[in-house]
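First comes the structure, then the notes that go with it.
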Amino acid sequence: MGDGMNEMTDEAIIKATLAGDDDAFALLVARYKRRVFSLSARFARDGDELEDICQEVFIKAYENLKGFRNDAPFENWLTRITVHTCYDTLRRNRRSKNHTPLQDLTYEVKDTTLEARQEAREAHELLTWAMAKLSPDERVVVTLLELEEKSVREVADLTSWSEGNVRVRAHRARKALKRILEESHVR
Amino acid sequence: MYDNTDEKLDRLFAAARSVSPDTSAREDFFETRVVARIRERRESRQPWFSWAWRLAPVFVVAVIVLGSASLLLDRDGSADIFSAIANGHDEYQVVAYLEGE
């Protein structure tokens with residue numbers, strides 16, 4: 001892939017991909033993989049599951065590329081696919097009853113002081129453990145609203161649920177998380 | 001109502017936001033793996049007529065077996081259609097003579 005390809009717009013890359021150029025699609029993957037990985041890592045249980053989710057996202061994107069309309073940015077469309085794929089994975093995991101709360105990924109903490117770093121890591125572990133107990137729809141809503149800092153409208157757009165539905169699920173998720181934290185504190 | 005648990009939860013969310021997973025090792029050559037998987041899927045999803053020719057030997061064998069079987073079973077010459085018509089005609093003439101027609 002040359003420099004010329006790196007300067008191509010998403011629209012031009014998509015056109016090239018649809019014409020059968022696999023290298024063009026590889027460029028699109030390289031451009032957006034960081035975004036897909038960081039969002040999927042909020043839901044994946046381990047590194048292997050993360051890889052599977054991300055591959056599934058890009059394969060779905062490739063197979064449905066003809067249906068992509070340029071009226072919205074490609075990133076939004078891809079984020080929607082990512083959210084739906086993560087939601088499907090959560091539902092599959094729930095059916096298999098295989099709960100593995102801790103992830104094998106390493107985490108970078110933005111805060112530089114050692115104490116703050118330790119605190120953030122512990123908070124993250126506690127929250128990951130508590131969120132693993134939520135239902136898939138509650139977990140998706142709370143992750144997008146609280147961790148990804150999306151608005152209710154954006155969450156509704158990403159999940160294809162109504163804004164009212166998102167609010168109800170967010171309320172329920174928060175209530176459930178509070179109960180889980182209280183119970184864990186009592187123990 | 002906003003209580004202590006709400007505050008605790010907000011603190012947890014804020015702390016979790018400041019933690020970002022390091023996925024860089026997983027991202028290496030990811031695009032190569034995705035494109036390889038796409039090619040693999042494309043090749044495994046060929047149209048039905050691209051593999052139908054593989055059934056040709058089966059049809060050839062079936063034709064040979066059926067042909068041989070019909071030849072072996074029809075060895076008796078009287079069973080062919082012309083002798084059947086001729087025999088039927090002779091019989092008809094004998095019956096007509098005996099009945100005085």
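Each chain in the structure tokens gets a letter, A, B, ..., in the order shown, and its residues are numbered from 1; ligands are numbered from 1 in order too.
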For chain A, work out the contacting residues on chain B at 9 Å, counting only C-alpha atoms, and write them as a PyMOL selection string.
-> chain B and resi 5-6+8-24+26-27+29-35+37-39
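Take CA of Cys86 (chain A) and CA of Ser162 (chain A): the distance between them is 18.7 Å.
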Neighbours of Glu11 (chain A) within 9 Å (only C-alpha atoms; same-chain residues fewer than 5 positions away dropped), as a PyMOL selection string?
-> chain A and resi 16+70+74
